[in-house]
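To keep things clear, I will list the structure first and then write my remarks on it.
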Amino acid sequence: KGWFVERHEREIFPLLHRRHLFAEVRDFRFFDFTTPDGGVAEDVFAFANWVGQDRAVVVVHSRFGDVRGTIRDAVPFSVREGDQRRVATDTLGRALGLPRDGDAWIVYRDMVGGLEHLRSCLAIHERGLEFDLHAYDRRVLLDWRILHDGEGLLPRLAERLGGRGVRSVDAALDALRAENAAPVEAPAPPTPQVKARRPSRAPSKAPPRRRRPIR
C-alpha cells in the first residue's frame, strides 16, 4: 500500500461509516473561528453536528500558516416557527447537546492524531474549544461520551493532562486511581546525630625535682 491509500484508510474511511453525522442538517451548525484579538479567521472552516448520541466537530485550516483560535458561537441560522422564520444563533455546548453541569465531562477522540481528550462540559459552554492549527491542518473530533465525576478524579486528570491527548482516558483514570490506592509510606525518622567527642589528654606529669646534695 502507498502512503496515500494508508492515509485514506486511517482518516477518510472511518468517516464513511458515519455518514449520518455529515448528512443530517437539523442540528448542523457552522462556527466562527475567533482569534485571540477578537477577529474571525475566514480561512478556517468549523462545523458541528449532533445526531442521536453521536456528535462531530470538524475544523479545517485552508491556508499556509499558523493560526490559533476558538470556536464557541455559531454562525446565525434560520429557524422555522409556524409559518414564519427567524434568525437564531447557538453556542457549541448547546449545539452538541452537552449538559451544563460542573460535574459533567466530555471525552472525544481526534481521528487525525488518534488521541482522546478530556474537557469540562461547563467550560465548553462558557469558552468553547481552542485550537492551534498549522498550515492546512485539520481536526476531526468523534466518539464523544459524557462522564460524570463522582470521585473528584476528573478535574485532577484534566489538570495533569493540561489539554494534551492520551491514548485512553479510561487508562489514565485507572492509573490515577491506582496512585490514590497505593499506601503512603511514612517518612523514616531522622537519624540522631551523635556529636563526636574529642579524646581527652592525659595530664602531663611534672618532671621530678632534683634533690640538692647534702654537704
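Convention: chains lettered A, B, ... in C-alpha cells order; per-chain residue numbering from 1; ligands numbered from 1 as shown.
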
message = Can you tell me, as an NGL selection string, which residues in segment 6-82 of chain A count as helix (DSSP H, G or I) by DSSP?
response = :A and (6-16 or 20-23)

Selected residues written out with N, CA and C atoms, as a tab-separated table (two decimals), in the first residue's frame:
```tsv
chain	number	residue	atom	x	y	z
A	6	GLU	N	-2.94	4.46	2.63
A	6	GLU	CA	-2.91	4.27	4.08
A	6	GLU	C	-3.54	5.45	4.81
A	7	ARG	N	-3.27	6.64	4.31
A	7	ARG	CA	-3.85	7.82	4.94
A	7	ARG	C	-5.37	7.83	4.80
A	8	HIS	N	-5.88	7.45	3.65
A	8	HIS	CA	-7.33	7.37	3.46
A	8	HIS	C	-7.94	6.31	4.38
A	9	GLU	N	-7.26	5.19	4.53
A	9	GLU	CA	-7.79	4.16	5.42
A	9	GLU	C	-7.83	4.63	6.87
A	10	ARG	N	-6.87	5.47	7.23
A	10	ARG	CA	-6.78	5.93	8.61
A	10	ARG	C	-7.71	7.11	8.88
A	11	GLU	N	-7.85	8.03	7.92
A	11	GLU	CA	-8.55	9.28	8.20
A	11	GLU	C	-9.89	9.42	7.47
A	12	ILE	N	-10.03	8.83	6.30
A	12	ILE	CA	-11.23	9.05	5.50
A	12	ILE	C	-12.23	7.91	5.64
A	13	PHE	N	-11.76	6.68	5.52
A	13	PHE	CA	-12.68	5.54	5.55
A	13	PHE	C	-13.52	5.47	6.83
A	14	PRO	N	-12.94	5.76	8.03
A	14	PRO	CA	-13.80	5.72	9.23
A	14	PRO	C	-14.96	6.71	9.17
A	15	LEU	N	-14.78	7.83	8.46
A	15	LEU	CA	-15.87	8.80	8.36
A	15	LEU	C	-17.00	8.30	7.47
A	16	LEU	N	-16.68	7.45	6.52
A	16	LEU	CA	-17.72	6.93	5.62
A	16	LEU	C	-18.71	6.04	6.37
A	20	HIS	N	-24.19	9.59	8.51
A	20	HIS	CA	-25.34	10.32	9.07
A	20	HIS	C	-24.90	11.59	9.79
A	21	LEU	N	-23.66	11.58	10.33
A	21	LEU	CA	-23.16	12.77	11.02
A	21	LEU	C	-22.86	13.91	10.06
A	22	PHE	N	-22.72	13.61	8.79
A	22	PHE	CA	-22.38	14.64	7.82
A	22	PHE	C	-23.49	14.84	6.79
A	23	ALA	N	-24.63	14.17	7.00
A	23	ALA	CA	-25.76	14.29	6.07
A	23	ALA	C	-26.97	14.96	6.72
```

query = So which residues touch segment 63-74 of chain A within 12 Å, counting only C-alpha atoms, skipping near sequence neighbours fewer than 5 positions away, as an MDAnalysis selection string?
reply = chainID A and resid 27:49 57:58 87:96 123:138

Using 9 Å as the limit and counting only C-alpha atoms, can you tabulate each residue of segment 110-142 of chain A that touches segment 50-56 of chain A, with its shortest atom-to-atom distance in Å and the two atoms involved, as a Markdown table?
```
| residue | atom | partner | partner_atom | distance |
| --- | --- | --- | --- | --- |
| A:Val140 | CA | A:Ala56 | CA | 7.2 |
| A:Leu141 | CA | A:Ala56 | CA | 5.6 |
| A:Leu142 | CA | A:Ala56 | CA | 5.1 |
```

request  = Between atom CA of Asp101 of chain A and atom CA of Trp144 of chain A, measure the distance and give it in Å to one decimal.
outcome  = 16.3 Å

inquiry  = I'd like the contact shell of Leu173 of chain A - 12 Å cut-off, only C-alpha atoms, skipping same-chain residues fewer than 2 positions apart - returned as an MDAnalysis selection string.
reply    = chainID A and resid 118 147 149 151:158 160:161 166:171 175:180

Write out as an mmCIF file with C-alpha atoms, in the first residue's frame all residues of segment 20-139 of chain A that backbone DSSP assigns to strand (DSSP E).
```cif
data_model
loop_
_atom_site.group_PDB
_atom_site.id
_atom_site.type_symbol
_atom_site.label_atom_id
_atom_site.label_comp_id
_atom_site.auth_asym_id
_atom_site.auth_seq_id
_atom_site.Cartn_x
_atom_site.Cartn_y
_atom_site.Cartn_z
ATOM 1 C CA ARG A 29 -24.042 24.384 12.755
ATOM 2 C CA PHE A 30 -21.207 26.440 11.272
ATOM 3 C CA PHE A 31 -18.945 28.311 13.704
ATOM 4 C CA ASP A 32 -16.750 31.367 13.597
ATOM 5 C CA PHE A 33 -13.098 30.685 14.368
ATOM 6 C CA THR A 34 -12.336 33.583 16.703
ATOM 7 C CA VAL A 44 -10.743 28.276 8.932
ATOM 8 C CA PHE A 45 -13.947 26.285 8.391
ATOM 9 C CA ALA A 46 -15.541 24.809 11.512
ATOM 10 C CA PHE A 47 -18.804 22.943 11.904
ATOM 11 C CA ALA A 48 -20.527 20.662 14.407
ATOM 12 C CA ASN A 49 -23.365 18.183 14.164
ATOM 13 C CA TRP A 50 -25.348 16.142 16.657
ATOM 14 C CA VAL A 51 -27.482 13.152 15.668
ATOM 15 C CA ASP A 54 -23.377 10.788 18.001
ATOM 16 C CA ARG A 55 -21.540 14.082 17.785
ATOM 17 C CA ALA A 56 -18.910 15.503 15.471
ATOM 18 C CA VAL A 57 -16.773 18.633 15.340
ATOM 19 C CA VAL A 58 -14.649 19.321 12.260
ATOM 20 C CA VAL A 59 -12.138 22.169 11.918
ATOM 21 C CA VAL A 60 -10.130 22.712 8.695
ATOM 22 C CA HIS A 61 -7.443 25.326 8.041
ATOM 23 C CA VAL A 67 -3.377 30.238 13.498
ATOM 24 C CA ARG A 68 -4.809 29.975 16.996
ATOM 25 C CA GLY A 69 -8.453 30.469 17.848
ATOM 26 C CA THR A 70 -11.649 29.294 19.493
ATOM 27 C CA ILE A 71 -14.987 28.010 18.259
ATOM 28 C CA ARG A 72 -17.849 28.920 20.562
ATOM 29 C CA ASP A 73 -20.522 30.971 18.775
ATOM 30 C CA ALA A 74 -22.381 29.550 15.796
ATOM 31 C CA PHE A 77 -29.075 30.381 11.038
ATOM 32 C CA SER A 78 -32.742 30.381 10.088
ATOM 33 C CA VAL A 79 -35.368 28.622 12.223
ATOM 34 C CA ARG A 80 -38.981 27.997 11.206
ATOM 35 C CA GLU A 81 -41.680 28.857 13.742
ATOM 36 C CA GLN A 84 -42.623 32.352 9.985
ATOM 37 C CA ARG A 85 -38.865 32.115 10.063
ATOM 38 C CA ARG A 86 -36.478 33.839 12.419
ATOM 39 C CA VAL A 87 -32.702 34.148 12.702
ATOM 40 C CA ALA A 88 -31.176 32.311 15.649
ATOM 41 C CA ALA A 104 -20.103 16.612 33.674
ATOM 42 C CA TRP A 105 -17.061 15.960 31.500
ATOM 43 C CA ILE A 106 -16.705 15.006 27.858
ATOM 44 C CA VAL A 107 -14.249 12.636 26.218
ATOM 45 C CA TYR A 108 -13.712 12.770 22.464
ATOM 46 C CA ARG A 109 -11.173 11.339 20.043
ATOM 47 C CA ASP A 110 -9.315 13.328 17.399
ATOM 48 C CA LEU A 115 -5.733 10.532 20.825
ATOM 49 C CA GLU A 116 -8.540 11.044 23.328
ATOM 50 C CA HIS A 117 -9.099 14.385 25.050
ATOM 51 C CA LEU A 118 -10.858 15.280 28.295
ATOM 52 C CA ARG A 119 -12.795 18.551 28.642
ATOM 53 C CA SER A 120 -15.268 20.060 31.078
ATOM 54 C CA LEU A 129 -12.891 24.763 22.253
ATOM 55 C CA GLU A 130 -9.472 26.220 21.456
ATOM 56 C CA PHE A 131 -7.239 25.017 18.617
ATOM 57 C CA ASP A 132 -3.695 25.620 17.419
ATOM 58 C CA LEU A 133 -3.626 24.917 13.686
ATOM 59 C CA ARG A 138 -7.458 19.777 10.451
ATOM 60 C CA ARG A 139 -9.233 18.299 13.463
#
```

task = Could you tell me how far atom CA of Trp3 of chain A lies from atom CA of Met111 of chain A, in Å and to one decimal?
result =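 The value is 17.1 Å.
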
ask   = At what distance in Å, to one decimal, does atom CA of Gly162 of chain A lie from atom CA of Val75 of chain A?
value =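 The value is 29.1 Å.
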
ask   = Using only C-alpha atoms, which of the listed residues (A:Val5, A:Gly82, A:Gly165, A:Arg145) sits closest to Gly114 of chain A?
value = A:Gly165
